[in-house]
Amino acid sequence: MTPTLTISRLTKRFQSVEALKQVSLALQPGKRAALLGHNGAGKSTMMKIILGLIPFDSGEVQVCGQVPGSEAARMQVAYLPENVAFHPALTGEEQIRHYLSLRGDDPRIAPELLARVGLGHAARRRIGTYSKGMRQRVGLAQTLIGRPRLMVLDEPTSGLDPVSRRDFYDLLDGLSADGTTILLSSHALTEVEARTDSILILSGGQLVAEGSLADIRAQAVLPITLLVRPVEGHAASLAAALPEASLGIDGVLRITCAQTEKLPLLARITSRSAEVADLDVNPPSLEDIYSHFSRRDGQ
Ligand SMILES: Nc1ncnc2c1ncn2[C@@H]1O[C@H](COP(=O)(O)OP(=O)(O)OP(=O)(O)O)[C@@H](O)[C@H]1O
């Protein structure tokens with residue numbers, strides 16, 4: 001399958017700052033990728049290059065097989081900036097009709113696009129009366145124009161409440177199922193962990209981790225935590241049998257171990273199953289993995 005986005009050895013410098021250093025990646029059709037990184041990691045610079053808004057120094061970038069920013073590429077790419085600004089005096093429907101006309105599409109589909117982002121009920125109200133979340137949805141409706149093959153979304157869920165965030169990711173699921181590739185930047189690690197296919201971590205301009213959460217978890221080789229709840233009256237005997245465990249005030253035994261030690265440890269615990277009321281195995285969270293990779297680069 002031909003990737004929707006291909007970046008190889010991309011380097012971008014602003015005077016003395018090397019904002020992107022030899023970044024290479026490929027996104028396949030229908031994949032949802034989260035771009036993570038500390039402030040100044042190079043996320044916006046990468047998005048601007050993909051959109052063709054700024055030039056780069058070396059490397060190669062192809063958007064749907066085209067040069068970024070070319071008319072052929074722009075026809076297939078949609079962008080949602082972090083802070084969307086619309087004319088407050090226009091209604092949502094008028095604003096989307098305007099964008100449809102600019103692109104030469106039928107303005108009559110504006111209500112349908114607004115309904116898809118959950119704004120059907122407010123389509124004829126002035127944008128000046130919309131909440132931040134509603135304005136964000138107008139932005140999202142605008143990105144649906146022209147059925148783009150690549151959507152570049154800069155912190156699309158900032159300012160959205162939990163239900164709106166869930167609706168937003170449901171919409172992305174539908175778009176990716178139809179083959180649209182989605183690249184979104186976010187600082188909300190928990191939601192991208194659950195709702196994207198791959199994770200890209202930029203640190204100091206370098207792509208320090210790339211892959212599914214399982215892939216990058218394996219690359220990070222971080223310890224896992226086992227939580228063992230003893231049967232009442234057996235905490236002391238179980239703690240004695242598991243000397244590496246620490247007993248919390250909640251009565252739960254906590255053991256941190258390397259991935260390779262997990263199965264032998266589980267065998268030891270289950271051999272005393274009469275004393276164990278419950279057992280949880282907690283792999284490192286995306287937050288742990290993200291801190292690991294960001295720290296590795298001295299951030
Ligand atoms: N026009 C510019 N001129 C000079 N330096 C710039 C310019 N644009 C970005 N930079 C620098 O390039 C680096 C990467 O910036 P970028 O905006 O891409 O980071 P980011 O990951 O998007 O950060 P944030 O999460 O804060 O938005 C930073 O050191 C920034 O100061």
# chains A, B, ... in the order shown; residues from 1 in each chain; ligands from 1

call {"tool": "residues_near_ligand", "arguments": {"ligand": "ligand 1", "cutoff": "10 Å", "atoms": "only C-alpha atoms and all ligand atoms", "output": "PyMOL selection string"}}
result
chain A and resi 12-20+35-49+54+82+154-155+185-187+202-205

call {"tool": "residues_around", "arguments": {"residues": "region 191-201 of chain A", "least_positions_apart": "5", "cutoff": "10 Å", "atoms": "only C-alpha atoms", "output": "number ranges by chain"}}
result
A: 25, 27, 30-38, 41, 43, 157, 162, 165-166, 169-170, 172-173, 182-186, 206-216, 285-287, 289-290, 293-294

call {"tool": "atom_distance", "arguments": {"atom1": "CA of Ala85 (chain A)", "atom2": "CA of Tyr99 (chain A)"}}
result
13.3 Å

call {"tool": "select_by_dssp", "arguments": {"residues": "region 155-190 of chain A", "states": "helix (DSSP H, G or I)", "output": "list of chain:residue names"}}
result
A:Pro162, A:Val163, A:Ser164, A:Arg165, A:Arg166, A:Asp167, A:Phe168, A:Tyr169, A:Asp170, A:Leu171, A:Leu172, A:Asp173, A:Gly174, A:Leu175, A:Ser176, A:Ala177, A:Leu189, A:Thr190

call {"tool": "write_last_selection", "arguments": {"atoms": "N, CA and C atoms", "output": "tab-separated table (two decimals), in the first residue's frame"}}
result
chain	number	residue	atom	x	y	z
A	162	PRO	N	-15.32	16.08	28.27
A	162	PRO	CA	-15.11	14.64	28.03
A	162	PRO	C	-16.07	14.01	27.01
A	163	VAL	N	-17.34	14.40	27.05
A	163	VAL	CA	-18.29	13.78	26.11
A	163	VAL	C	-18.00	14.26	24.69
A	164	SER	N	-17.68	15.55	24.55
A	164	SER	CA	-17.35	16.08	23.21
A	164	SER	C	-16.09	15.41	22.67
A	165	ARG	N	-15.12	15.13	23.59
A	165	ARG	CA	-13.89	14.45	23.16
A	165	ARG	C	-14.21	13.06	22.64
A	166	ARG	N	-15.09	12.36	23.34
A	166	ARG	CA	-15.45	11.00	22.90
A	166	ARG	C	-16.14	11.06	21.54
A	167	ASP	N	-17.06	12.02	21.37
A	167	ASP	CA	-17.75	12.17	20.08
A	167	ASP	C	-16.75	12.47	18.98
A	168	PHE	N	-15.77	13.34	19.32
A	168	PHE	CA	-14.76	13.72	18.35
A	168	PHE	C	-13.98	12.48	17.87
A	169	TYR	N	-13.54	11.64	18.81
A	169	TYR	CA	-12.78	10.44	18.42
A	169	TYR	C	-13.68	9.43	17.69
A	170	ASP	N	-14.97	9.40	18.03
A	170	ASP	CA	-15.89	8.52	17.29
A	170	ASP	C	-15.93	8.95	15.82
A	171	LEU	N	-15.97	10.26	15.62
A	171	LEU	CA	-16.00	10.79	14.25
A	171	LEU	C	-14.71	10.41	13.50
A	172	LEU	N	-13.56	10.54	14.21
A	172	LEU	CA	-12.28	10.16	13.58
A	172	LEU	C	-12.28	8.67	13.23
A	173	ASP	N	-12.86	7.84	14.11
A	173	ASP	CA	-12.91	6.39	13.83
A	173	ASP	C	-13.61	6.14	12.50
A	174	GLY	N	-14.75	6.85	12.30
A	174	GLY	CA	-15.52	6.68	11.05
A	174	GLY	C	-14.70	7.13	9.85
A	175	LEU	N	-14.00	8.26	10.00
A	175	LEU	CA	-13.21	8.78	8.88
A	175	LEU	C	-12.06	7.82	8.55
A	176	SER	N	-11.39	7.30	9.59
A	176	SER	CA	-10.26	6.40	9.31
A	176	SER	C	-10.77	5.09	8.71
A	177	ALA	N	-11.95	4.66	9.14
A	177	ALA	CA	-12.52	3.43	8.54
A	177	ALA	C	-12.77	3.64	7.04
A	189	LEU	N	-2.46	12.55	26.94
A	189	LEU	CA	-1.92	11.22	26.65
A	189	LEU	C	-2.95	10.11	26.80
A	190	THR	N	-3.80	10.19	27.80
A	190	THR	CA	-4.73	9.09	28.05
A	190	THR	C	-5.65	8.86	26.86

call {"tool": "closest_residue", "arguments": {"among": "A:Gln76, A:Asn83, A:Thr256, A:Ser158", "to": "Ile145 (chain A)", "atoms": "only C-alpha atoms"}}
result
A:Gln76

call {"tool": "select_by_dssp", "arguments": {"residues": "region 239-293 of chain A", "states": "strand (DSSP E)", "output": "PyMOL selection string"}}
result
chain A and resi 246-247+253-257+276-282

call {"tool": "closest_residue", "arguments": {"among": "A:Ala235, A:Ala122, A:Ala267, A:Ala78", "to": "Thr181 (chain A)", "atoms": "only C-alpha atoms"}}
result
A:Ala78

call {"tool": "residues_around", "arguments": {"residues": "region 129-143 of chain A", "least_positions_apart": "3", "cutoff": "6 Å", "atoms": "only C-alpha atoms", "output": "ChimeraX atom specification"}}
result
/A:78,113-114,117,126,160

call {"tool": "write_last_selection", "arguments": {"atoms": "N, CA and C atoms", "output": "short mmCIF file (atom, residue, chain, number, x, y, z; two decimals), in the first residue's frame"}}
result
data_model
loop_
_atom_site.label_atom_id
_atom_site.label_comp_id
_atom_site.auth_asym_id
_atom_site.auth_seq_id
_atom_site.Cartn_x
_atom_site.Cartn_y
_atom_site.Cartn_z
N ALA A 78 -6.51 18.29 4.79
CA ALA A 78 -7.29 19.25 5.59
C ALA A 78 -6.51 19.56 6.85
N LEU A 113 -22.68 18.50 6.81
CA LEU A 113 -21.36 18.48 7.46
C LEU A 113 -21.49 18.89 8.93
N LEU A 114 -22.34 19.91 9.17
CA LEU A 114 -22.51 20.36 10.56
C LEU A 114 -23.20 19.29 11.40
N VAL A 117 -20.82 16.67 12.76
CA VAL A 117 -20.00 17.03 13.93
C VAL A 117 -20.89 17.41 15.13
N ARG A 126 -25.68 32.33 15.30
CA ARG A 126 -24.43 33.03 15.01
C ARG A 126 -23.27 32.40 15.78
N LEU A 160 -12.28 20.87 24.77
CA LEU A 160 -13.51 20.08 24.67
C LEU A 160 -13.78 19.33 25.97
#

call {"tool": "atom_distance", "arguments": {"atom1": "CA of Val252 (chain A)", "atom2": "CA of Ala218 (chain A)"}}
result
26.8 Å

call {"tool": "closest_residue", "arguments": {"among": "A:Val84, A:Leu102, A:Leu5, A:Ile109", "to": "Gly65 (chain A)", "atoms": "only C-alpha atoms"}}
result
A:Leu5

call {"tool": "closest_residue", "arguments": {"among": "A:Ile7, A:Arg149, A:Ser24, A:Gly159", "to": "Asp178 (chain A)", "atoms": "only C-alpha atoms"}}
result
A:Arg149

call {"tool": "atom_distance", "arguments": {"atom1": "CA of Gly179 (chain A)", "atom2": "CA of Arg147 (chain A)"}}
result
10.1 Å

call {"tool": "residues_around", "arguments": {"residues": "Leu222 (chain A)", "least_positions_apart": "5", "cutoff": "10 Å", "atoms": "only C-alpha atoms", "output": "number ranges by chain"}}
result
A: 217, 256-259, 283-285, 288-289, 292

call {"tool": "write_last_selection", "arguments": {"atoms": "C-alpha atoms", "output": "tab-separated table (two decimals), in the first residue's frame"}}
result
chain	number	residue	atom	x	y	z
A	217	ARG	CA	6.26	-0.01	25.35
A	256	THR	CA	7.76	-3.71	40.49
A	257	CYS	CA	9.59	-6.03	38.13
A	258	ALA	CA	11.17	-6.18	34.69
A	259	GLN	CA	9.03	-7.56	31.84
A	283	PRO	CA	2.03	-2.24	32.33
A	284	PRO	CA	3.72	1.18	32.06
A	285	SER	CA	1.28	3.88	30.97
A	288	ASP	CA	5.57	6.67	31.78
A	289	ILE	CA	6.73	5.81	28.24
A	292	HIS	CA	11.11	7.93	29.46

call {"tool": "closest_residue", "arguments": {"among": "A:Val61, A:Leu144, A:Leu53, A:Ala240", "to": "Thr11 (chain A)", "atoms": "only C-alpha atoms"}}
result
A:Val61
